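Visitor: This one is model07.cif, mmCIF, C-alpha atoms (C1' of nucleotides).
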```cif
data_data
#
loop_
_atom_site.label_atom_id
_atom_site.label_comp_id
_atom_site.auth_asym_id
_atom_site.auth_seq_id
_atom_site.Cartn_x
_atom_site.Cartn_y
_atom_site.Cartn_z
CA MET G 1 -10.81 -34.73 42.59
CA ILE G 2 -14.52 -34.08 42.78
CA ILE G 3 -15.28 -31.59 45.52
CA LYS G 4 -18.50 -32.89 46.94
CA GLN G 5 -19.79 -34.17 50.21
CA LYS G 6 -19.15 -37.83 50.72
CA LYS G 7 -22.32 -39.83 51.10
CA SER G 8 -22.87 -40.38 54.79
CA THR G 9 -22.51 -44.06 55.50
CA GLN G 10 -22.01 -43.86 59.22
CA ALA G 11 -24.48 -45.48 61.53
CA PRO G 12 -26.92 -43.20 63.32
CA ILE G 13 -25.84 -42.27 66.80
CA SER G 14 -27.87 -44.47 69.08
CA ASP G 15 -27.85 -45.94 72.53
CA THR G 16 -25.81 -48.89 71.37
CA CYS G 17 -22.78 -46.64 71.75
CA GLU G 18 -23.46 -46.29 75.44
CA ILE G 19 -23.72 -50.04 75.71
CA ASN G 20 -20.89 -51.25 73.49
CA CYS G 21 -18.11 -48.96 74.58
CA ILE G 22 -15.60 -49.62 77.30
CA HIS G 23 -15.07 -46.18 78.80
CA PRO G 24 -18.43 -44.39 78.58
CA ALA G 25 -17.10 -41.19 80.10
CA ALA G 26 -14.25 -40.97 77.60
CA VAL G 27 -16.65 -41.65 74.76
CA LYS G 28 -19.08 -38.99 75.86
CA GLN G 29 -16.29 -36.44 76.12
CA ALA G 30 -14.74 -37.53 72.83
CA ARG G 31 -18.01 -37.26 70.97
CA ASP G 32 -18.10 -33.55 71.73
CA LYS G 33 -14.49 -32.97 70.73
CA ALA G 34 -14.62 -35.00 67.53
CA LEU G 35 -14.15 -33.08 64.31
CA PRO G 36 -17.58 -32.73 62.66
CA LEU G 37 -17.93 -34.90 59.59
CA SER G 38 -18.43 -31.87 57.35
CA THR G 39 -15.23 -30.20 58.55
CA ALA G 40 -13.36 -33.49 58.31
CA THR G 41 -14.56 -33.86 54.73
CA ASP G 42 -13.44 -30.34 53.81
CA LEU G 43 -10.06 -30.91 55.42
CA SER G 44 -9.65 -34.30 53.78
CA GLN G 45 -10.04 -32.64 50.39
CA ILE G 46 -7.04 -30.41 51.04
CA PHE G 47 -4.90 -33.40 51.96
CA GLN G 48 -6.34 -35.32 49.03
CA VAL G 49 -5.00 -32.68 46.67
CA MET G 50 -1.59 -32.96 48.34
CA ALA G 51 -1.75 -36.75 48.08
CA ASP G 52 -0.48 -37.21 44.56
CA PRO G 53 3.16 -37.47 43.45
CA SER G 54 2.60 -35.38 40.33
CA ARG G 55 0.91 -32.59 42.25
CA LEU G 56 3.61 -32.63 44.93
CA ARG G 57 6.28 -32.31 42.28
CA ILE G 58 4.39 -29.38 40.80
CA ILE G 59 4.26 -27.81 44.26
CA SER G 60 8.00 -28.38 44.72
CA LEU G 61 8.66 -26.40 41.54
CA LEU G 62 6.17 -23.64 42.23
CA ALA G 63 7.69 -23.22 45.69
CA GLU G 64 10.81 -21.94 43.91
CA ARG G 65 9.26 -19.73 41.25
CA GLU G 66 6.20 -19.26 39.08
CA LEU G 67 6.10 -21.37 35.93
CA CYS G 68 3.86 -21.81 32.92
CA VAL G 69 2.05 -25.04 32.09
CA CYS G 70 4.39 -25.80 29.25
CA ASP G 71 7.54 -25.47 31.32
CA LEU G 72 6.05 -27.48 34.18
CA ALA G 73 5.26 -30.25 31.74
CA ALA G 74 8.76 -30.12 30.27
CA ALA G 75 10.47 -30.05 33.66
CA LEU G 76 8.46 -32.98 35.01
CA GLY G 77 8.27 -35.06 31.85
CA MET G 78 4.48 -34.99 31.87
CA SER G 79 2.05 -34.17 29.10
CA ARG G 80 0.66 -30.65 29.08
CA SER G 81 -2.82 -32.06 29.35
CA ALA G 82 -1.97 -34.00 32.49
CA VAL G 83 -0.36 -30.92 34.05
CA SER G 84 -3.33 -28.79 33.14
CA HIS G 85 -5.76 -31.27 34.70
CA GLN G 86 -3.73 -31.33 37.92
CA LEU G 87 -3.47 -27.55 38.03
CA ARG G 88 -7.22 -27.35 37.67
CA VAL G 89 -7.63 -29.56 40.73
CA MET G 90 -5.12 -27.48 42.66
CA ARG G 91 -6.77 -24.24 41.54
CA MET G 92 -10.18 -25.37 42.76
CA SER G 93 -8.73 -26.06 46.20
CA ARG G 94 -6.93 -22.70 46.24
CA LEU G 95 -3.53 -24.33 46.45
CA VAL G 96 -2.28 -22.47 43.39
CA LYS G 97 -3.18 -19.23 41.62
CA TYR G 98 -2.30 -18.03 38.14
CA ARG G 99 -1.97 -14.97 35.97
CA LYS G 100 -2.28 -14.89 32.22
CA GLU G 101 0.08 -13.20 29.81
CA GLY G 102 -1.38 -13.58 26.37
CA ARG G 103 -1.82 -17.25 25.79
CA ILE G 104 0.62 -18.23 28.53
CA ALA G 105 -0.63 -19.00 32.07
CA TYR G 106 1.87 -18.51 34.89
CA TYR G 107 1.12 -20.53 38.01
CA SER G 108 2.33 -19.99 41.57
CA LEU G 109 1.42 -21.20 45.05
CA ASP G 110 -1.62 -19.49 46.49
CA ASP G 111 -0.52 -18.94 50.08
CA GLU G 112 2.11 -19.89 52.60
CA HIS G 113 0.06 -22.75 54.08
CA VAL G 114 0.72 -24.84 51.01
CA SER G 115 4.50 -24.65 51.23
CA LYS G 116 4.29 -25.10 55.00
CA LEU G 117 2.29 -28.28 54.62
CA PHE G 118 4.72 -29.43 51.97
CA THR G 119 7.75 -28.73 54.17
CA LEU G 120 6.16 -30.24 57.28
CA GLY G 121 5.30 -33.36 55.33
CA LEU G 122 8.90 -33.68 54.20
CA ASP G 123 10.00 -33.26 57.82
CA HIS G 124 7.76 -36.11 58.90
CA LEU G 125 9.11 -38.20 56.05
CA GLY G 126 12.62 -37.57 57.33
CA HIS G 127 11.63 -38.82 60.77
CA VAL G 128 9.79 -41.89 59.56
CA SER G 129 12.32 -43.08 56.96
CA PRO G 130 15.60 -41.19 57.38
CA MET V 1 -3.72 -47.70 51.36
CA ILE V 2 -1.20 -50.04 49.81
CA ILE V 3 2.31 -48.73 50.34
CA LYS V 4 4.02 -49.47 47.11
CA GLN V 5 5.69 -47.59 44.32
CA LYS V 6 3.27 -46.25 41.75
CA LYS V 7 3.88 -47.59 38.31
CA SER V 8 5.89 -44.98 36.44
CA THR V 9 3.75 -43.62 33.66
CA GLN V 10 5.73 -40.51 32.93
CA ALA V 11 7.39 -40.05 29.58
CA PRO V 12 11.15 -40.58 29.42
CA ILE V 13 13.15 -37.38 29.65
CA SER V 14 14.12 -36.55 26.11
CA ASP V 15 15.11 -33.66 23.93
CA THR V 16 11.52 -32.83 23.23
CA CYS V 17 11.53 -30.99 26.54
CA GLU V 18 14.18 -28.64 25.26
CA ILE V 19 12.13 -28.03 22.16
CA ASN V 20 8.61 -27.77 23.53
CA CYS V 21 9.14 -25.52 26.51
CA ILE V 22 8.89 -21.77 26.57
CA HIS V 23 11.64 -20.81 29.01
CA PRO V 24 14.42 -23.36 28.55
CA ALA V 25 16.60 -21.87 31.28
CA ALA V 26 13.79 -22.05 33.83
CA VAL V 27 13.02 -25.60 32.80
CA LYS V 28 16.62 -26.70 33.13
CA GLN V 29 16.88 -25.17 36.57
CA ALA V 30 13.51 -26.54 37.62
CA ARG V 31 14.37 -30.05 36.53
CA ASP V 32 17.18 -30.13 39.08
CA LYS V 33 15.04 -28.73 41.88
CA ALA V 34 12.03 -30.94 41.23
CA LEU V 35 11.18 -33.42 43.96
CA PRO V 36 12.30 -36.88 42.78
CA LEU V 37 9.41 -39.12 41.88
CA SER V 38 10.31 -41.62 44.58
CA THR V 39 10.32 -38.96 47.31
CA ALA V 40 7.13 -37.47 45.94
CA THR V 41 5.51 -40.89 46.08
CA ASP V 42 6.59 -41.45 49.68
CA LEU V 43 5.33 -38.02 50.68
CA SER V 44 2.06 -38.49 48.82
CA GLN V 45 1.37 -41.59 50.91
CA ILE V 46 1.53 -39.58 54.11
CA PHE V 47 -0.95 -37.06 52.76
CA GLN V 48 -3.06 -39.90 51.40
CA VAL V 49 -3.46 -41.26 54.88
CA MET V 50 -4.53 -37.82 56.10
CA ALA V 51 -6.95 -37.52 53.18
CA ASP V 52 -9.91 -39.37 54.62
CA PRO V 53 -12.66 -37.89 56.80
CA SER V 54 -12.85 -40.95 59.04
CA ARG V 55 -9.12 -40.98 59.66
CA LEU V 56 -9.06 -37.23 60.32
CA ARG V 57 -11.82 -37.62 62.89
CA ILE V 58 -9.83 -40.40 64.51
CA ILE V 59 -6.80 -38.11 64.59
CA SER V 60 -8.87 -35.31 66.12
CA LEU V 61 -9.81 -37.63 68.98
CA LEU V 62 -6.37 -39.11 69.48
CA ALA V 63 -4.95 -35.58 69.59
CA GLU V 64 -6.81 -35.19 72.88
CA ARG V 65 -6.12 -38.54 74.51
CA GLU V 66 -5.45 -42.17 73.81
CA LEU V 67 -8.50 -44.30 73.14
CA CYS V 68 -9.31 -47.93 72.45
CA VAL V 69 -10.86 -49.17 69.21
CA CYS V 70 -14.18 -49.75 70.84
CA ASP V 71 -14.47 -46.24 72.22
CA LEU V 72 -13.30 -44.68 68.96
CA ALA V 73 -16.02 -46.60 67.14
CA ALA V 74 -18.62 -45.55 69.67
CA ALA V 75 -17.55 -41.90 69.64
CA LEU V 76 -17.53 -41.67 65.85
CA GLY V 77 -20.55 -43.85 65.12
CA MET V 78 -18.47 -46.24 63.02
CA SER V 79 -18.25 -49.99 63.11
CA ARG V 80 -15.33 -51.43 65.06
CA SER V 81 -14.19 -53.22 61.94
CA ALA V 82 -14.04 -50.01 59.94
CA VAL V 83 -12.10 -48.27 62.72
CA SER V 84 -9.70 -51.18 62.98
CA HIS V 85 -9.06 -51.13 59.25
CA GLN V 86 -8.33 -47.41 59.32
CA LEU V 87 -6.05 -47.75 62.34
CA ARG V 88 -4.13 -50.41 60.51
CA VAL V 89 -3.53 -48.00 57.62
CA MET V 90 -2.47 -45.27 60.04
CA ARG V 91 -0.23 -47.68 61.93
CA MET V 92 1.59 -48.72 58.77
CA SER V 93 2.36 -45.08 57.99
CA ARG V 94 3.52 -44.45 61.56
CA LEU V 95 0.80 -41.89 62.18
CA VAL V 96 -0.46 -43.75 65.25
CA LYS V 97 1.00 -46.16 67.74
CA TYR V 98 -0.69 -48.44 70.24
CA ARG V 99 -0.19 -50.35 73.43
CA LYS V 100 -2.10 -53.41 74.50
CA GLU V 101 -3.66 -54.00 77.89
CA GLY V 102 -5.05 -57.48 77.82
CA ARG V 103 -7.43 -57.63 74.91
CA ILE V 104 -7.82 -53.87 74.72
CA ALA V 105 -5.63 -51.84 72.34
CA TYR V 106 -5.06 -48.20 73.24
CA TYR V 107 -4.14 -45.99 70.31
CA SER V 108 -2.41 -42.60 70.31
CA LEU V 109 -0.69 -40.33 67.80
CA ASP V 110 2.84 -41.44 66.95
CA ASP V 111 4.62 -38.09 66.88
CA GLU V 112 4.06 -34.36 66.87
CA HIS V 113 4.20 -34.06 63.08
CA VAL V 114 0.80 -35.64 62.79
CA SER V 115 -0.98 -33.14 65.01
CA LYS V 116 1.02 -30.31 63.41
CA LEU V 117 -0.11 -31.36 59.94
CA PHE V 118 -3.64 -31.66 61.25
CA THR V 119 -3.57 -28.20 62.82
CA LEU V 120 -1.89 -26.58 59.83
CA GLY V 121 -4.49 -28.12 57.56
CA LEU V 122 -7.26 -26.67 59.68
CA ASP V 123 -5.53 -23.29 59.53
CA HIS V 124 -5.50 -23.41 55.75
CA LEU V 125 -9.15 -24.42 55.79
CA GLY V 126 -9.89 -21.34 57.86
CA HIS V 127 -8.21 -19.15 55.28
CA VAL V 128 -9.85 -20.75 52.29
CA SER V 129 -13.41 -20.94 53.60
CA PRO V 130 -13.68 -18.85 56.76
"C1'" DT L 1 -7.20 -14.02 7.36
"C1'" DG L 2 -5.20 -18.23 8.62
"C1'" DA L 3 -1.71 -21.21 10.49
"C1'" DA L 4 0.64 -22.33 14.81
"C1'" DC L 5 0.43 -23.04 19.43
"C1'" DA L 6 -0.63 -22.63 24.77
"C1'" DA L 7 -4.02 -24.01 27.62
"C1'" DG L 8 -8.37 -26.07 29.06
"C1'" DT L 9 -11.83 -29.75 28.94
"C1'" DG L 10 -14.76 -34.13 28.45
"C1'" DA L 11 -14.95 -39.03 27.98
"C1'" DA L 12 -13.01 -43.35 28.93
"C1'" DC L 13 -9.96 -46.81 30.84
"C1'" DG L 14 -7.50 -49.03 34.47
"C1'" DC L 15 -6.18 -48.85 39.05
"C1'" DT L 16 -6.86 -47.67 43.98
"C1'" DT L 17 -9.50 -47.54 48.10
"C1'" DA L 18 -13.22 -47.41 52.09
"C1'" DT L 19 -16.70 -49.88 53.78
"C1'" DT L 20 -19.33 -54.16 54.94
"C1'" DC L 21 -19.72 -58.95 56.03
"C1'" DA L 22 -17.86 -63.04 57.68
"C1'" DT L 23 -14.43 -65.07 60.15
"C1'" DA L 24 -10.09 -65.64 62.91
"C1'" DT L 25 -7.18 -64.71 66.96
"C1'" DA L 26 -6.39 -63.78 71.58
"C1'" DT L 27 -7.73 -62.66 76.22
"C1'" DA L 28 -10.75 -62.49 80.33
"C1'" DT L 29 -14.38 -64.71 83.09
"C1'" DC L 30 -17.24 -68.36 84.51
"C1'" DG Z 1 -12.29 -76.20 79.37
"C1'" DA Z 2 -16.04 -73.20 77.53
"C1'" DT Z 3 -18.05 -68.83 76.59
"C1'" DA Z 4 -18.05 -63.93 75.73
"C1'" DT Z 5 -15.75 -60.18 73.89
"C1'" DA Z 6 -11.99 -56.83 71.84
"C1'" DT Z 7 -9.48 -56.58 67.95
"C1'" DA Z 8 -7.62 -57.98 63.47
"C1'" DT Z 9 -8.05 -59.53 58.86
"C1'" DG Z 10 -9.56 -61.30 54.07
"C1'" DA Z 11 -12.72 -61.03 50.33
"C1'" DA Z 12 -15.93 -58.47 47.80
"C1'" DT Z 13 -18.27 -54.53 46.17
"C1'" DA Z 14 -18.99 -49.81 44.98
"C1'" DA Z 15 -17.08 -45.38 44.46
"C1'" DG Z 16 -13.27 -42.35 43.32
"C1'" DC Z 17 -9.21 -40.86 40.82
"C1'" DG Z 18 -5.15 -39.97 37.35
"C1'" DT Z 19 -3.82 -40.45 32.97
"C1'" DT Z 20 -4.43 -40.50 27.93
"C1'" DC Z 21 -6.72 -39.18 23.76
"C1'" DA Z 22 -9.38 -36.21 21.08
"C1'" DC Z 23 -11.10 -31.87 20.74
"C1'" DT Z 24 -12.13 -26.80 21.74
"C1'" DT Z 25 -10.89 -22.09 22.92
"C1'" DG Z 26 -8.30 -18.17 22.59
"C1'" DT Z 27 -4.02 -15.71 21.35
"C1'" DT Z 28 0.05 -14.56 18.46
"C1'" DC Z 29 2.17 -13.52 14.31
"C1'" DA Z 30 3.18 -13.99 9.53
#
```
What do you get writing this file as structure tokens?
Guide:
Amino acid sequence: MIIKQKKSTQAPISDTCEINCIHPAAVKQARDKALPLSTATDLSQIFQVMADPSRLRIISLLAERELCVCDLAAALGMSRSAVSHQLRVMRMSRLVKYRKEGRIAYYSLDDEHVSKLFTLGLDHLGHVSP
Amino acid sequence: MIIKQKKSTQAPISDTCEINCIHPAAVKQARDKALPLSTATDLSQIFQVMADPSRLRIISLLAERELCVCDLAAALGMSRSAVSHQLRVMRMSRLVKYRKEGRIAYYSLDDEHVSKLFTLGLDHLGHVSP
DNA sequence: TGAACAAGTGAACGCTTATTCATATATATC
DNA sequence: GATATATATGAATAAGCGTTCACTTGTTCA
């Protein structure tokens, strides 16, 4: 989960667009309303962090209560190293926060958007494959 | 975006969990509440589809109005082939639907969850990096 | 002080994925 | 029928990602 700008591979905006499209008016309007590539990239990184089964299972547990790395690993049957790597990714995207008590790190969800996205995703899943 | 079950690489649930965790009661409770791996995998695929700048830009346009492949490509400065590939992925996950008029395919968002996820994601983005 | 242990990290391996190029399919127009 | 065009698709390549393994850091407690 490297947080960096994706190399721009899109073709330069040129007149060919005006020529090769079917509804020039719709295209012109759409081009103004399109999400800028930079914003789309930032947003994609949030969804990218949510797009892993292990991380989603971590979120499902942290939605209930804060837990330490060790207990997360035990509850999910993952290695502590794997959990720690995933938490790092989630920390960098501000999906989780943590507090330290001695050598133990207690993790919890960072804000309500995370659990909302999680819940909304589950809703959609229910509609798509009930 | 191949929709298939991820090979299970997690360790089998064994007694080591009871031994190596710090708060056994919390772990026991958490293990019951954890999202099953299969559900987590299904859900991760939805977020995976949302986790690409090109697809998010397509969604941002389709949230306004239906558009054909050609116009989407023109508006986003992408090749028609690339757009078609992405629409295929989004179609398979039921994020978009389409109708055909002759040789032209008009795409639109499949249900309100998609635009809700999109909007909620943007909200979170606003909180994280305002 | 030193052993035990929770957590974090870097490298590496195997797998996934987005784009491009070439081509196929299907429809409209001549 | 023949041509042009809108879309779909398959193969290939390059980039990205999740896990494991080995190791480091920092804290607790005997």
Visitor: Rounded to one decimal place, report the CA of Tyr107 (chain V)-CA of Ser44 (chain G) distance in Å.
Guide: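 Atom-to-atom, CA of Tyr107 (chain V) and CA of Ser44 (chain G) are spaced 21.0 Å apart.
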Visitor: Once chain V is superposed on chain G with a least-squares fit on all C-alpha pairs taken in order, can you show it as a PDB file with C-alpha atoms, keeping the file's coordinate frame?
Guide:
```
ATOM      1  CA  MET V   1     -10.908 -34.512  42.705  1.00  0.00           C
ATOM      2  CA  ILE V   2     -14.601 -33.756  42.820  1.00  0.00           C
ATOM      3  CA  ILE V   3     -15.366 -31.365  45.651  1.00  0.00           C
ATOM      4  CA  LYS V   4     -18.577 -32.651  47.044  1.00  0.00           C
ATOM      5  CA  GLN V   5     -19.879 -34.039  50.282  1.00  0.00           C
ATOM      6  CA  LYS V   6     -19.199 -37.727  50.720  1.00  0.00           C
ATOM      7  CA  LYS V   7     -22.314 -39.767  51.094  1.00  0.00           C
ATOM      8  CA  SER V   8     -22.821 -40.353  54.802  1.00  0.00           C
ATOM      9  CA  THR V   9     -22.397 -44.030  55.478  1.00  0.00           C
ATOM     10  CA  GLN V  10     -21.930 -43.842  59.202  1.00  0.00           C
ATOM     11  CA  ALA V  11     -24.432 -45.440  61.520  1.00  0.00           C
ATOM     12  CA  PRO V  12     -26.871 -43.131  63.298  1.00  0.00           C
ATOM     13  CA  ILE V  13     -25.814 -42.210  66.808  1.00  0.00           C
ATOM     14  CA  SER V  14     -27.822 -44.443  69.076  1.00  0.00           C
ATOM     15  CA  ASP V  15     -27.782 -45.947  72.514  1.00  0.00           C
ATOM     16  CA  THR V  16     -25.733 -48.855  71.326  1.00  0.00           C
ATOM     17  CA  CYS V  17     -22.713 -46.606  71.726  1.00  0.00           C
ATOM     18  CA  GLU V  18     -23.391 -46.301  75.417  1.00  0.00           C
ATOM     19  CA  ILE V  19     -23.667 -50.048  75.669  1.00  0.00           C
ATOM     20  CA  ASN V  20     -20.839 -51.240  73.451  1.00  0.00           C
ATOM     21  CA  CYS V  21     -18.028 -48.983  74.560  1.00  0.00           C
ATOM     22  CA  ILE V  22     -15.515 -49.684  77.267  1.00  0.00           C
ATOM     23  CA  HIS V  23     -15.008 -46.251  78.815  1.00  0.00           C
ATOM     24  CA  PRO V  24     -18.355 -44.465  78.584  1.00  0.00           C
ATOM     25  CA  ALA V  25     -17.046 -41.250  80.125  1.00  0.00           C
ATOM     26  CA  ALA V  26     -14.205 -41.026  77.613  1.00  0.00           C
ATOM     27  CA  VAL V  27     -16.595 -41.736  74.777  1.00  0.00           C
ATOM     28  CA  LYS V  28     -19.028 -39.062  75.878  1.00  0.00           C
ATOM     29  CA  GLN V  29     -16.261 -36.509  76.143  1.00  0.00           C
ATOM     30  CA  ALA V  30     -14.714 -37.594  72.862  1.00  0.00           C
ATOM     31  CA  ARG V  31     -17.988 -37.338  71.000  1.00  0.00           C
ATOM     32  CA  ASP V  32     -18.100 -33.620  71.753  1.00  0.00           C
ATOM     33  CA  LYS V  33     -14.490 -33.035  70.753  1.00  0.00           C
ATOM     34  CA  ALA V  34     -14.624 -35.064  67.554  1.00  0.00           C
ATOM     35  CA  LEU V  35     -14.171 -33.116  64.340  1.00  0.00           C
ATOM     36  CA  PRO V  36     -17.604 -32.775  62.692  1.00  0.00           C
ATOM     37  CA  LEU V  37     -17.963 -34.915  59.615  1.00  0.00           C
ATOM     38  CA  SER V  38     -18.479 -31.894  57.388  1.00  0.00           C
ATOM     39  CA  THR V  39     -15.274 -30.218  58.592  1.00  0.00           C
ATOM     40  CA  ALA V  40     -13.407 -33.493  58.341  1.00  0.00           C
ATOM     41  CA  THR V  41     -14.597 -33.859  54.764  1.00  0.00           C
ATOM     42  CA  ASP V  42     -13.486 -30.343  53.847  1.00  0.00           C
ATOM     43  CA  LEU V  43     -10.099 -30.905  55.449  1.00  0.00           C
ATOM     44  CA  SER V  44      -9.692 -34.296  53.803  1.00  0.00           C
ATOM     45  CA  GLN V  45     -10.075 -32.640  50.402  1.00  0.00           C
ATOM     46  CA  ILE V  46      -7.091 -30.408  51.051  1.00  0.00           C
ATOM     47  CA  PHE V  47      -4.950 -33.386  51.983  1.00  0.00           C
ATOM     48  CA  GLN V  48      -6.363 -35.297  49.030  1.00  0.00           C
ATOM     49  CA  VAL V  49      -5.026 -32.671  46.699  1.00  0.00           C
ATOM     50  CA  MET V  50      -1.610 -32.947  48.349  1.00  0.00           C
ATOM     51  CA  ALA V  51      -1.779 -36.740  48.098  1.00  0.00           C
ATOM     52  CA  ASP V  52      -0.531 -37.195  44.564  1.00  0.00           C
ATOM     53  CA  PRO V  53       3.106 -37.478  43.468  1.00  0.00           C
ATOM     54  CA  SER V  54       2.564 -35.401  40.335  1.00  0.00           C
ATOM     55  CA  ARG V  55       0.895 -32.593  42.239  1.00  0.00           C
ATOM     56  CA  LEU V  56       3.581 -32.641  44.938  1.00  0.00           C
ATOM     57  CA  ARG V  57       6.275 -32.337  42.288  1.00  0.00           C
ATOM     58  CA  ILE V  58       4.387 -29.417  40.796  1.00  0.00           C
ATOM     59  CA  ILE V  59       4.238 -27.824  44.242  1.00  0.00           C
ATOM     60  CA  SER V  60       7.967 -28.387  44.740  1.00  0.00           C
ATOM     61  CA  LEU V  61       8.642 -26.421  41.558  1.00  0.00           C
ATOM     62  CA  LEU V  62       6.154 -23.658  42.225  1.00  0.00           C
ATOM     63  CA  ALA V  63       7.661 -23.242  45.696  1.00  0.00           C
ATOM     64  CA  GLU V  64      10.767 -21.948  43.932  1.00  0.00           C
ATOM     65  CA  ARG V  65       9.227 -19.743  41.264  1.00  0.00           C
ATOM     66  CA  GLU V  66       6.201 -19.289  39.084  1.00  0.00           C
ATOM     67  CA  LEU V  67       6.127 -21.371  35.929  1.00  0.00           C
ATOM     68  CA  CYS V  68       3.901 -21.833  32.906  1.00  0.00           C
ATOM     69  CA  VAL V  69       2.122 -25.084  32.069  1.00  0.00           C
ATOM     70  CA  CYS V  70       4.465 -25.820  29.244  1.00  0.00           C
ATOM     71  CA  ASP V  71       7.597 -25.497  31.340  1.00  0.00           C
ATOM     72  CA  LEU V  72       6.096 -27.506  34.194  1.00  0.00           C
ATOM     73  CA  ALA V  73       5.324 -30.295  31.739  1.00  0.00           C
ATOM     74  CA  ALA V  74       8.810 -30.148  30.293  1.00  0.00           C
ATOM     75  CA  ALA V  75      10.500 -30.078  33.700  1.00  0.00           C
ATOM     76  CA  LEU V  76       8.485 -33.001  35.046  1.00  0.00           C
ATOM     77  CA  GLY V  77       8.330 -35.102  31.889  1.00  0.00           C
ATOM     78  CA  MET V  78       4.529 -35.033  31.885  1.00  0.00           C
ATOM     79  CA  SER V  79       2.118 -34.237  29.115  1.00  0.00           C
ATOM     80  CA  ARG V  80       0.756 -30.695  29.075  1.00  0.00           C
ATOM     81  CA  SER V  81      -2.743 -32.088  29.308  1.00  0.00           C
ATOM     82  CA  ALA V  82      -1.951 -34.030  32.459  1.00  0.00           C
ATOM     83  CA  VAL V  83      -0.328 -30.965  34.039  1.00  0.00           C
ATOM     84  CA  SER V  84      -3.288 -28.810  33.097  1.00  0.00           C
ATOM     85  CA  HIS V  85      -5.714 -31.271  34.639  1.00  0.00           C
ATOM     86  CA  GLN V  86      -3.741 -31.347  37.876  1.00  0.00           C
ATOM     87  CA  LEU V  87      -3.466 -27.560  37.986  1.00  0.00           C
ATOM     88  CA  ARG V  88      -7.196 -27.342  37.602  1.00  0.00           C
ATOM     89  CA  VAL V  89      -7.649 -29.557  40.669  1.00  0.00           C
ATOM     90  CA  MET V  90      -5.140 -27.474  42.617  1.00  0.00           C
ATOM     91  CA  ARG V  91      -6.778 -24.250  41.467  1.00  0.00           C
ATOM     92  CA  MET V  92     -10.196 -25.367  42.672  1.00  0.00           C
ATOM     93  CA  SER V  93      -8.775 -26.056  46.130  1.00  0.00           C
ATOM     94  CA  ARG V  94      -6.981 -22.699  46.178  1.00  0.00           C
ATOM     95  CA  LEU V  95      -3.569 -24.327  46.402  1.00  0.00           C
ATOM     96  CA  VAL V  96      -2.316 -22.472  43.326  1.00  0.00           C
ATOM     97  CA  LYS V  97      -3.195 -19.276  41.550  1.00  0.00           C
ATOM     98  CA  TYR V  98      -2.296 -18.060  38.083  1.00  0.00           C
ATOM     99  CA  ARG V  99      -1.951 -15.007  35.931  1.00  0.00           C
ATOM    100  CA  LYS V 100      -2.232 -14.900  32.181  1.00  0.00           C
ATOM    101  CA  GLU V 101       0.157 -13.188  29.807  1.00  0.00           C
ATOM    102  CA  GLY V 102      -1.312 -13.561  26.380  1.00  0.00           C
ATOM    103  CA  ARG V 103      -1.777 -17.250  25.805  1.00  0.00           C
ATOM    104  CA  ILE V 104       0.675 -18.231  28.516  1.00  0.00           C
ATOM    105  CA  ALA V 105      -0.580 -19.004  32.038  1.00  0.00           C
ATOM    106  CA  TYR V 106       1.899 -18.532  34.869  1.00  0.00           C
ATOM    107  CA  TYR V 107       1.126 -20.547  37.977  1.00  0.00           C
ATOM    108  CA  SER V 108       2.317 -20.000  41.550  1.00  0.00           C
ATOM    109  CA  LEU V 109       1.391 -21.204  45.030  1.00  0.00           C
ATOM    110  CA  ASP V 110      -1.680 -19.475  46.444  1.00  0.00           C
ATOM    111  CA  ASP V 111      -0.580 -18.944  50.037  1.00  0.00           C
ATOM    112  CA  GLU V 112       2.046 -19.888  52.573  1.00  0.00           C
ATOM    113  CA  HIS V 113       0.011 -22.748  54.042  1.00  0.00           C
ATOM    114  CA  VAL V 114       0.683 -24.844  50.993  1.00  0.00           C
ATOM    115  CA  SER V 115       4.460 -24.651  51.215  1.00  0.00           C
ATOM    116  CA  LYS V 116       4.249 -25.071  55.003  1.00  0.00           C
ATOM    117  CA  LEU V 117       2.232 -28.266  54.621  1.00  0.00           C
ATOM    118  CA  PHE V 118       4.681 -29.421  51.988  1.00  0.00           C
ATOM    119  CA  THR V 119       7.697 -28.721  54.192  1.00  0.00           C
ATOM    120  CA  LEU V 120       6.113 -30.214  57.299  1.00  0.00           C
ATOM    121  CA  GLY V 121       5.259 -33.332  55.340  1.00  0.00           C
ATOM    122  CA  LEU V 122       8.854 -33.669  54.228  1.00  0.00           C
ATOM    123  CA  ASP V 123       9.953 -33.235  57.840  1.00  0.00           C
ATOM    124  CA  HIS V 124       7.720 -36.089  58.922  1.00  0.00           C
ATOM    125  CA  LEU V 125       9.070 -38.179  56.066  1.00  0.00           C
ATOM    126  CA  GLY V 126      12.566 -37.542  57.368  1.00  0.00           C
ATOM    127  CA  HIS V 127      11.571 -38.812  60.784  1.00  0.00           C
ATOM    128  CA  VAL V 128       9.756 -41.871  59.545  1.00  0.00           C
ATOM    129  CA  SER V 129      12.291 -43.062  56.979  1.00  0.00           C
ATOM    130  CA  PRO V 130      15.533 -41.143  57.457  1.00  0.00           C
TER     131      PRO V 130
END
```
Visitor: Selected by the PyMOL selection byres ((chain V and resi 83) around 12) in the shown coordinates: which residues, as a PyMOL selection string?
Guide: (chain G and resi 10) or (chain V and resi 53-59+67-82+84-91+107) or (chain L and resi 18-19) or (chain Z and resi 7-8)
Visitor: Taking the file as shown, what set of residues would the PyMOL selection byres ((chain L and resi 4) around 9) give back, as a count of residues only?
Guide: 4
Visitor: If you count only C-alpha atoms (C1' of nucleotides), which residues fall within 10 Å of DC23 (chain Z), apart from same-chain ones fewer than 2 positions away, as a compact mmCIF listing (two decimals) with C-alpha atoms (C1' of nucleotides), keeping the file's coordinate frame?
Guide:
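Below is the file part.txt, written as the result:
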```
# COMPACT_ATOMS: atom_id res chain seq x y z
C1' DT L 9 -11.83 -29.75 28.94
C1' DG L 10 -14.76 -34.13 28.45
C1' DC Z 21 -6.72 -39.18 23.76
```
